[in-house]
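> Next comes the structure file protein13.txt, holding compact mmCIF, C-alpha atoms.
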# COMPACT_ATOMS: atom_id res chain seq x y z
CA MET V 1 -162.09 72.86 -10.48
CA LYS V 2 -162.66 76.58 -10.26
CA ARG V 3 -163.58 78.18 -6.94
CA TYR V 4 -166.09 80.99 -6.65
CA TYR V 5 -165.73 83.56 -3.86
CA THR V 6 -168.69 85.65 -2.86
CA LEU V 7 -168.70 88.86 -0.85
CA THR V 8 -172.07 88.57 0.76
CA LEU V 9 -174.60 86.39 -0.85
CA CYS V 10 -175.27 84.15 -3.81
CA LEU V 11 -178.96 84.41 -4.62
CA LEU V 12 -180.21 81.49 -6.67
CA ILE V 13 -183.65 82.22 -8.01
CA VAL V 14 -186.05 79.39 -8.67
CA THR V 15 -189.14 79.36 -10.82
CA MET V 16 -192.13 80.23 -8.70
CA GLY V 17 -194.54 78.75 -11.25
CA ALA V 18 -198.08 78.08 -10.23
CA ALA V 19 -199.34 79.11 -6.82
CA VAL V 20 -198.49 76.66 -4.04
CA ASP V 21 -201.07 75.74 -1.42
CA TYR V 22 -199.56 76.30 2.03
CA SER V 23 -202.80 75.94 3.96
CA SER V 24 -201.81 72.56 5.44
CA TYR V 25 -198.90 74.20 7.27
CA TYR V 26 -201.34 76.39 9.19
CA GLN V 27 -203.49 73.57 10.52
CA ASN V 28 -203.30 72.17 14.07
CA LEU V 29 -200.89 74.84 15.30
CA PRO V 30 -200.52 75.67 19.03
CA ILE V 31 -201.59 79.21 18.22
CA LYS V 32 -203.54 80.64 15.30
CA LEU V 33 -201.35 82.26 12.66
CA GLN V 34 -202.44 84.29 9.69
CA MET V 35 -201.47 82.75 6.38
CA PRO V 36 -199.34 85.15 4.29
CA MET V 37 -200.81 86.47 1.09
CA ALA V 38 -198.96 86.10 -2.20
CA PRO V 39 -198.20 89.36 -4.00
CA VAL V 40 -200.63 90.39 -6.72
CA ILE V 41 -198.74 91.46 -9.85
CA PRO V 42 -200.50 92.99 -12.89
CA SER V 43 -200.19 91.07 -16.15
CA LEU V 44 -198.24 93.81 -17.98
CA THR V 45 -194.85 92.39 -19.06
CA VAL V 46 -191.82 94.27 -20.37
CA SER V 47 -188.25 93.22 -21.13
CA ILE V 48 -185.21 95.04 -19.79
CA ALA V 49 -183.91 94.90 -23.37
CA ASP V 50 -186.65 97.33 -24.39
CA PHE V 51 -185.00 99.98 -22.20
CA GLY V 52 -181.54 99.75 -23.71
CA ALA V 53 -179.99 97.10 -21.48
CA CYS V 54 -176.90 95.35 -22.87
CA PRO V 55 -176.14 91.86 -21.49
CA ASP V 56 -172.40 91.87 -22.23
CA GLY V 57 -171.14 91.93 -18.63
CA VAL V 58 -169.36 95.25 -19.29
CA THR V 59 -172.01 97.88 -20.05
CA ASP V 60 -173.52 99.72 -17.07
CA ASN V 61 -177.27 98.98 -17.09
CA THR V 62 -178.19 101.02 -14.01
CA GLU V 63 -180.19 103.53 -16.05
CA ALA V 64 -181.97 100.80 -18.01
CA PHE V 65 -183.25 99.12 -14.83
CA ALA V 66 -184.32 102.47 -13.38
CA LYS V 67 -186.22 103.37 -16.58
CA ALA V 68 -187.93 99.97 -16.78
CA ILE V 69 -189.08 100.06 -13.16
CA SER V 70 -190.25 103.66 -13.53
CA HIS V 71 -192.26 102.67 -16.61
CA LEU V 72 -193.94 99.78 -14.80
CA ARG V 73 -194.63 101.94 -11.78
CA LYS V 74 -196.45 104.51 -13.93
CA GLN V 75 -198.53 101.69 -15.44
CA GLY V 76 -199.49 100.32 -12.03
CA GLY V 77 -196.91 97.52 -11.98
CA GLY V 78 -196.11 94.35 -13.88
CA HIS V 79 -193.33 91.89 -14.69
CA LEU V 80 -189.82 93.03 -15.62
CA ILE V 81 -188.23 90.23 -17.65
CA VAL V 82 -184.43 89.87 -17.66
CA PRO V 83 -183.37 87.60 -20.59
CA ALA V 84 -180.23 85.46 -20.62
CA GLY V 85 -176.98 87.39 -20.39
CA ILE V 86 -174.86 89.26 -17.84
CA TYR V 87 -176.25 92.63 -16.77
CA LEU V 88 -173.84 94.84 -14.87
CA THR V 89 -175.72 97.40 -12.79
CA GLY V 90 -175.85 99.55 -9.70
CA PRO V 91 -178.56 99.17 -7.03
CA ILE V 92 -182.06 98.16 -8.11
CA THR V 93 -185.01 99.59 -6.17
CA LEU V 94 -188.26 97.64 -6.49
CA ARG V 95 -191.58 99.48 -6.41
CA ASP V 96 -195.20 98.53 -5.73
CA ASN V 97 -196.70 95.67 -7.77
CA ILE V 98 -193.50 94.74 -9.60
CA ASP V 99 -192.01 91.30 -10.23
CA LEU V 100 -188.33 91.10 -11.18
CA HIS V 101 -188.12 87.92 -13.27
CA LEU V 102 -184.77 86.46 -14.30
CA GLU V 103 -184.93 83.93 -17.09
CA ARG V 104 -182.58 80.95 -17.17
CA ASN V 105 -178.93 81.99 -17.68
CA ALA V 106 -179.72 85.60 -16.80
CA ILE V 107 -177.26 87.17 -14.34
CA ILE V 108 -177.71 90.51 -12.63
CA MET V 109 -174.24 91.50 -11.41
CA ALA V 110 -173.30 94.39 -9.13
CA THR V 111 -171.00 96.86 -10.84
CA PRO V 112 -167.52 97.02 -9.28
CA ASP V 113 -167.69 100.83 -9.40
CA LYS V 114 -168.51 101.55 -5.75
CA ASN V 115 -169.52 105.12 -6.51
CA LYS V 116 -172.58 103.67 -8.27
CA HIS V 117 -173.65 102.08 -4.99
CA MET V 118 -173.23 105.12 -2.75
CA ARG V 119 -176.04 107.47 -1.83
CA VAL V 120 -175.57 111.15 -1.02
CA ASN V 121 -177.63 112.66 1.81
CA LYS V 122 -179.79 115.36 0.21
CA THR V 123 -179.72 117.47 3.36
CA THR V 124 -176.01 117.40 4.17
CA GLY V 125 -174.64 116.69 0.70
CA LYS V 126 -172.35 114.07 2.20
CA ARG V 127 -171.97 110.45 1.17
CA GLU V 128 -173.67 107.98 3.47
CA ALA V 129 -171.53 105.63 5.56
CA ARG V 130 -172.62 102.44 3.80
CA ALA V 131 -173.40 101.43 0.25
CA MET V 132 -177.01 101.06 -0.81
CA PRO V 133 -178.37 97.50 -0.73
CA PHE V 134 -178.02 95.92 -4.17
CA ILE V 135 -181.68 94.83 -4.37
CA ASN V 136 -183.83 97.01 -2.16
CA ALA V 137 -187.34 98.21 -1.42
CA SER V 138 -188.92 100.35 1.28
CA LYS V 139 -192.60 100.49 2.21
CA ALA V 140 -193.49 98.70 -1.02
CA LYS V 141 -196.46 96.38 -1.57
CA ASN V 142 -196.73 93.31 -3.81
CA ILE V 143 -193.13 92.75 -4.87
CA SER V 144 -191.43 89.56 -5.99
CA ILE V 145 -188.22 88.13 -7.43
CA THR V 146 -188.75 85.06 -9.59
CA GLY V 147 -187.19 83.00 -12.37
CA GLU V 148 -184.18 80.74 -12.84
CA GLY V 149 -181.40 83.31 -13.03
CA THR V 150 -178.73 84.52 -10.62
CA ILE V 151 -178.03 87.71 -8.69
CA ASP V 152 -174.28 88.15 -8.21
CA GLY V 153 -172.85 90.61 -5.67
CA ASN V 154 -169.45 90.67 -7.43
CA GLY V 155 -167.81 90.23 -4.07
CA LYS V 156 -164.16 90.26 -5.13
CA TRP V 157 -164.33 94.06 -5.38
CA TRP V 158 -165.73 94.51 -1.88
CA ARG V 159 -164.28 92.19 0.72
CA PRO V 160 -160.80 91.26 1.99
CA VAL V 161 -159.30 87.87 1.09
CA LYS V 162 -157.23 85.65 3.37
CA ARG V 163 -154.04 84.33 1.80
CA GLY V 164 -154.53 80.92 3.36
CA LYS V 165 -157.97 80.52 1.81
CA VAL V 166 -156.93 80.79 -1.84
CA SER V 167 -154.52 79.11 -4.24
CA ASP V 168 -151.36 80.79 -5.57
CA THR V 169 -153.11 81.41 -8.88
CA GLU V 170 -156.10 83.04 -7.23
CA TRP V 171 -153.89 85.13 -4.94
CA ASN V 172 -152.00 86.45 -7.95
CA GLN V 173 -155.30 87.26 -9.67
CA PHE V 174 -156.31 89.43 -6.73
CA ARG V 175 -152.93 91.13 -6.69
CA ALA V 176 -153.28 91.85 -10.41
CA MET V 177 -156.35 93.95 -9.55
CA GLY V 178 -154.14 96.22 -7.45
CA GLY V 179 -155.31 96.40 -3.87
CA THR V 180 -153.40 96.47 -0.60
CA ILE V 181 -151.60 93.66 1.22
CA SER V 182 -151.53 93.65 5.02
CA GLU V 183 -148.20 94.04 6.85
CA LYS V 184 -148.17 90.33 7.69
CA GLY V 185 -148.92 89.46 4.07
CA ASP V 186 -151.94 87.39 5.06
CA LEU V 187 -154.74 89.65 3.81
CA TRP V 188 -155.57 91.36 0.52
CA TYR V 189 -157.83 94.41 0.66
CA PRO V 190 -159.77 95.94 -2.27
CA PHE V 191 -158.11 99.28 -1.55
CA ASN V 192 -155.84 101.19 -3.98
CA LEU V 193 -157.29 99.21 -6.89
CA LYS V 194 -155.96 99.85 -10.38
CA LYS V 195 -159.31 100.58 -12.03
CA PHE V 196 -161.28 102.34 -9.29
CA ALA V 197 -160.52 105.20 -6.90
CA ASN V 198 -160.75 104.78 -3.14
CA LEU V 199 -163.79 106.14 -1.34
CA THR V 200 -162.15 106.26 2.10
CA GLU V 201 -158.76 106.93 3.67
CA SER V 202 -157.86 103.37 4.68
CA ALA V 203 -158.42 99.75 3.75
CA GLU V 204 -160.23 99.11 7.04
CA GLU V 205 -162.66 101.96 6.38
CA GLU V 206 -163.18 100.87 2.78
CA ILE V 207 -164.52 97.45 3.69
CA LYS V 208 -167.06 99.03 6.06
CA LEU V 209 -168.84 100.34 2.96
CA ARG V 210 -169.87 96.80 2.04
CA MET V 211 -173.44 96.63 0.86
CA HIS V 212 -176.29 94.38 1.86
CA MET V 213 -177.21 92.13 -1.03
CA VAL V 214 -180.97 92.38 -0.43
CA ARG V 215 -182.74 94.73 1.95
CA LEU V 216 -186.54 94.94 2.09
CA THR V 217 -187.90 97.29 4.76
CA GLU V 218 -191.52 97.68 5.85
CA CYS V 219 -192.82 95.93 2.73
CA GLU V 220 -196.06 93.98 2.35
CA ASN V 221 -196.83 90.87 0.30
CA VAL V 222 -193.32 89.79 -0.66
CA ARG V 223 -192.47 86.70 -2.70
CA ALA V 224 -188.91 85.54 -2.12
CA PRO V 225 -186.75 83.07 -4.04
CA THR V 226 -184.48 80.36 -2.77
CA VAL V 227 -181.59 82.07 -1.02
CA GLN V 228 -178.10 80.70 -0.48
CA GLN V 229 -176.28 83.12 1.75
CA CYS V 230 -172.52 83.41 2.21
CA TYR V 231 -172.18 85.61 5.25
CA HIS V 232 -169.08 87.07 6.89
CA ARG V 233 -167.90 86.77 10.46
CA TRP V 234 -170.25 89.44 11.82
CA GLY V 235 -173.19 87.16 11.25
CA HIS V 236 -176.40 87.12 9.26
CA ARG V 237 -176.50 90.70 7.99
CA GLN V 238 -176.91 90.36 4.27
CA VAL V 239 -180.66 89.84 3.88
CA PRO V 240 -182.31 92.23 6.36
CA VAL V 241 -186.08 91.88 6.07
CA GLU V 242 -188.59 93.94 8.03
CA CYS V 243 -191.83 93.15 6.22
CA THR V 244 -195.30 91.69 6.60
CA GLU V 245 -196.74 88.91 4.44
CA TRP V 246 -193.31 87.47 3.63
CA ARG V 247 -193.29 84.24 1.60
CA CYS V 248 -189.99 82.42 1.11
CA HIS V 249 -189.62 78.90 -0.27
CA ARG V 250 -186.28 78.06 1.37
CA TYR V 251 -183.47 79.83 3.18
CA ARG V 252 -180.05 78.28 3.71
CA THR V 253 -176.87 79.78 5.11
CA VAL V 254 -173.36 78.77 4.16
CA PRO V 255 -170.21 79.55 6.21
CA ALA V 256 -168.08 82.44 5.01
CA ARG V 257 -165.54 80.29 3.24
CA ALA V 258 -165.01 79.46 -0.40
CA HIS V 259 -167.48 77.00 -1.85
CA ARG V 260 -166.75 74.83 -4.85
CA GLN V 261 -168.99 74.86 -7.87
Please render this file's structure as structure tokens.

Amino acid sequence: MKRYYTLTLCLLIVTMGAAVDYSSYYQNLPIKLQMPMAPVIPSLTVSIADFGACPDGVTDNTEAFAKAISHLRKQGGGHLIVPAGIYLTGPITLRDNIDLHLERNAIIMATPDKNKHMRVNKTTGKREARAMPFINASKAKNISITGEGTIDGNGKWWRPVKRGKVSDTEWNQFRAMGGTISEKGDLWYPFNLKKFANLTESAEEEIKLRMHMVRLTECENVRAPTVQQCYHRWGHRQVPVECTEWRCHRYRTVPARAHRQ
């Protein structure tokens, strides 16, 4: 049975469907709490395919997502539909009044090209110390992620792997990517890869670039999917949320070890 290793987070998105009545949860509480408001999304619907996206798992669709979100933003918002297929892309920034909807068997996968995830400071001209969050929003209102698809962080290109945690076959697959083996031979680092240039001077510095999977900051009226998080030893860092009116159906964490699927 094949094992799947995830860098930060496997985000399984469930159908949000009809509105759910949560009012019973806010009755007979020790203190009065305000019930969160669901995001209001305009009815306009577009497909990522209309903006040149190619679901082959190879083509870079960063520009297609940016164009689609820009189009919806100019129209006041709406639903961005991602049909079945594998869409390789850089970071996706959600804007006001936009729903990112992944249909069944749709996969949004982070490109392994780390340069696509790095942001350059406009003032200094220097690259920032950490990659941009894969799915992100800042000071946005009425945003949601819905559907039955999957968001994949493509973790094998970002995080170190312990020799004792993988089979011989899997270990050889990592070594075939290039990379660097520790002096003790117990760790593989995604540094000195065959297909992609290094962004730092050492393997230890390279892994510090690791992105957050989802980061929503100072947002209002957010609809969240079911989240299954695979976090690393530094704790729960991969879904930073600093928002008001946050609605999440379920949230479950999984230890930072391989999980079978």
> Name the closest residue to V:Phe196 among the candidates V:Ile98, V:Leu44, V:Met177, V:Ile145; distances are taken between atoms, counting all atoms listed in the file.
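Using all atoms listed in the file, the shortest distance to V:Phe196 belongs to V:Met177.
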> So that I can check the surroundings of V:Lys116, please list as number ranges by chain every protein, DNA and RNA residue that reaches within 12 Å of it, counting all atoms listed in the file and ignoring chain neighbours fewer than 6 positions away.
V: 60-63, 88-92, 110, 127, 131-134, 196, 199, 211
> Of the residues V:Lys122, V:Lys114, V:Lys165, V:His79, which is the one nearest to V:Leu102, using all atoms listed in the file?
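Closest to V:Leu102 of all the choices is V:His79.
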> Pick the closest to V:Ile81 from V:Pro190, V:Gly178, V:Gly147, V:Gly125: which is it, counting only C-alpha atoms?
V:Gly147
> Need the shell around V:Tyr189: protein/DNA/RNA residues with any atom at most 10 Å away, counting only C-alpha atoms. Skip same-chain ones fewer than 5 positions apart. Format as a ChimeraX atom specification?
/V:156-162,174-175,178-182,202-204,206-207
> Take the residues from that selection and write them out as a PDB file, keeping the file's coordinate frame, keeping C-alpha atoms.

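Result file is selection26.pdb:
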ATOM      1  CA  LYS V 156    -164.160  90.260  -5.130  1.00  0.00           C
ATOM      2  CA  TRP V 157    -164.330  94.060  -5.380  1.00  0.00           C
ATOM      3  CA  TRP V 158    -165.730  94.510  -1.880  1.00  0.00           C
ATOM      4  CA  ARG V 159    -164.280  92.190   0.720  1.00  0.00           C
ATOM      5  CA  PRO V 160    -160.800  91.260   1.990  1.00  0.00           C
ATOM      6  CA  VAL V 161    -159.300  87.870   1.090  1.00  0.00           C
ATOM      7  CA  LYS V 162    -157.230  85.650   3.370  1.00  0.00           C
ATOM      8  CA  PHE V 174    -156.310  89.430  -6.730  1.00  0.00           C
ATOM      9  CA  ARG V 175    -152.930  91.130  -6.690  1.00  0.00           C
ATOM     10  CA  GLY V 178    -154.140  96.220  -7.450  1.00  0.00           C
ATOM     11  CA  GLY V 179    -155.310  96.400  -3.870  1.00  0.00           C
ATOM     12  CA  THR V 180    -153.400  96.470  -0.600  1.00  0.00           C
ATOM     13  CA  ILE V 181    -151.600  93.660   1.220  1.00  0.00           C
ATOM     14  CA  SER V 182    -151.530  93.650   5.020  1.00  0.00           C
ATOM     15  CA  SER V 202    -157.860 103.370   4.680  1.00  0.00           C
ATOM     16  CA  ALA V 203    -158.420  99.750   3.750  1.00  0.00           C
ATOM     17  CA  GLU V 204    -160.230  99.110   7.040  1.00  0.00           C
ATOM     18  CA  GLU V 206    -163.180 100.870   2.780  1.00  0.00           C
ATOM     19  CA  ILE V 207    -164.520  97.450   3.690  1.00  0.00           C
TER      20      ILE V 207
END
> Looking at V:Gly78, V:Gly185, V:Pro112, V:Gly85, which one is nearest to V:Gly155, with distances taken over all atoms listed in the file?
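So, comparing all the options, the nearest one is V:Pro112.
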> Atom CA of V:Pro42 and atom CA of V:His212 are how many Å apart?
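Atom CA of V:Pro42 sits 28.4 Å away from atom CA of V:His212.
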> Separation of atom CA of V:Ile86 and atom CA of V:Ala106, in Å?
6.2 Å
> For the atom pair atom CA of V:Ile135 and atom CA of V:Cys219, what is the interatomic distance in Å to one decimal place?
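Atom CA of V:Cys219 lies 13.3 Å from atom CA of V:Ile135.
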> For each of V:Gln34, V:Thr59, V:Thr93, V:Gln75, take the minimum atom-to-atom distance to V:Val46, counting all atoms listed in the file, then give the residue where this is smallest.
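Selected residue with least distance to V:Val46: V:Gln75.
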> Of the residues V:Ile143, V:Ala197, V:Ile108, V:Leu33, which is the one nearest to V:Leu216, using all atoms listed in the file?
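Once distances to V:Leu216 are computed over all atoms listed in the file, the minimum belongs to V:Ile143.
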> Could you add whatever atoms are missing so that stretch 104-121 of chain V carries N, CA, C and O atoms, then write the result as a tab-separated table (two decimals), in the coordinates of the input?

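Written file, out38.tsv:
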chain	number	residue	atom	x	y	z
V	104	ARG	N	-183.72	81.85	-17.31
V	104	ARG	CA	-182.58	80.95	-17.17
V	104	ARG	C	-181.35	81.55	-17.86
V	104	ARG	O	-181.44	82.09	-18.96
V	105	ASN	N	-180.21	81.46	-17.19
V	105	ASN	CA	-178.93	81.99	-17.68
V	105	ASN	C	-178.86	83.52	-17.67
V	105	ASN	O	-177.94	84.10	-18.25
V	106	ALA	N	-179.80	84.16	-17.01
V	106	ALA	CA	-179.72	85.60	-16.80
V	106	ALA	C	-178.97	85.87	-15.50
V	106	ALA	O	-179.23	85.22	-14.48
V	107	ILE	N	-178.03	86.80	-15.53
V	107	ILE	CA	-177.26	87.17	-14.34
V	107	ILE	C	-177.31	88.68	-14.16
V	107	ILE	O	-176.94	89.43	-15.06
V	108	ILE	N	-177.79	89.11	-13.01
V	108	ILE	CA	-177.71	90.51	-12.63
V	108	ILE	C	-176.50	90.64	-11.71
V	108	ILE	O	-176.45	90.03	-10.65
V	109	MET	N	-175.50	91.41	-12.13
V	109	MET	CA	-174.24	91.50	-11.41
V	109	MET	C	-173.99	92.93	-10.94
V	109	MET	O	-174.12	93.88	-11.71
V	110	ALA	N	-173.61	93.07	-9.68
V	110	ALA	CA	-173.30	94.39	-9.13
V	110	ALA	C	-172.06	94.97	-9.80
V	110	ALA	O	-171.04	94.30	-9.92
V	111	THR	N	-172.15	96.23	-10.24
V	111	THR	CA	-171.00	96.86	-10.84
V	111	THR	C	-169.88	97.03	-9.81
V	111	THR	O	-170.14	97.32	-8.64
V	112	PRO	N	-168.63	96.85	-10.21
V	112	PRO	CA	-167.52	97.02	-9.28
V	112	PRO	C	-167.23	98.49	-8.95
V	112	PRO	O	-166.44	98.77	-8.05
V	113	ASP	N	-167.87	99.41	-9.67
V	113	ASP	CA	-167.69	100.83	-9.40
V	113	ASP	C	-168.50	101.20	-8.15
V	113	ASP	O	-169.71	101.38	-8.20
V	114	LYS	N	-167.81	101.33	-7.02
V	114	LYS	CA	-168.51	101.55	-5.75
V	114	LYS	C	-169.26	102.87	-5.70
V	114	LYS	O	-170.23	103.01	-4.96
V	115	ASN	N	-168.82	103.84	-6.48
V	115	ASN	CA	-169.52	105.12	-6.51
V	115	ASN	C	-170.97	104.94	-6.94
V	115	ASN	O	-171.85	105.70	-6.53
V	116	LYS	N	-171.23	103.93	-7.79
V	116	LYS	CA	-172.58	103.67	-8.27
V	116	LYS	C	-173.49	103.17	-7.16
V	116	LYS	O	-174.72	103.23	-7.28
V	117	HIS	N	-172.88	102.67	-6.09
V	117	HIS	CA	-173.65	102.08	-4.99
V	117	HIS	C	-173.82	103.04	-3.81
V	117	HIS	O	-174.51	102.70	-2.85
V	118	MET	N	-173.19	104.20	-3.88
V	118	MET	CA	-173.23	105.12	-2.75
V	118	MET	C	-174.35	106.14	-2.93
V	118	MET	O	-174.64	106.58	-4.04
V	119	ARG	N	-174.95	106.50	-1.82
V	119	ARG	CA	-176.04	107.47	-1.83
V	119	ARG	C	-175.58	108.73	-1.09
V	119	ARG	O	-174.93	108.65	-0.05
V	120	VAL	N	-175.93	109.88	-1.63
V	120	VAL	CA	-175.57	111.15	-1.02
V	120	VAL	C	-176.77	111.70	-0.26
V	120	VAL	O	-177.89	111.75	-0.80
V	121	ASN	N	-176.56	112.08	0.99
V	121	ASN	CA	-177.63	112.66	1.81
V	121	ASN	C	-178.04	114.00	1.22
V	121	ASN	O	-177.22	114.91	1.05
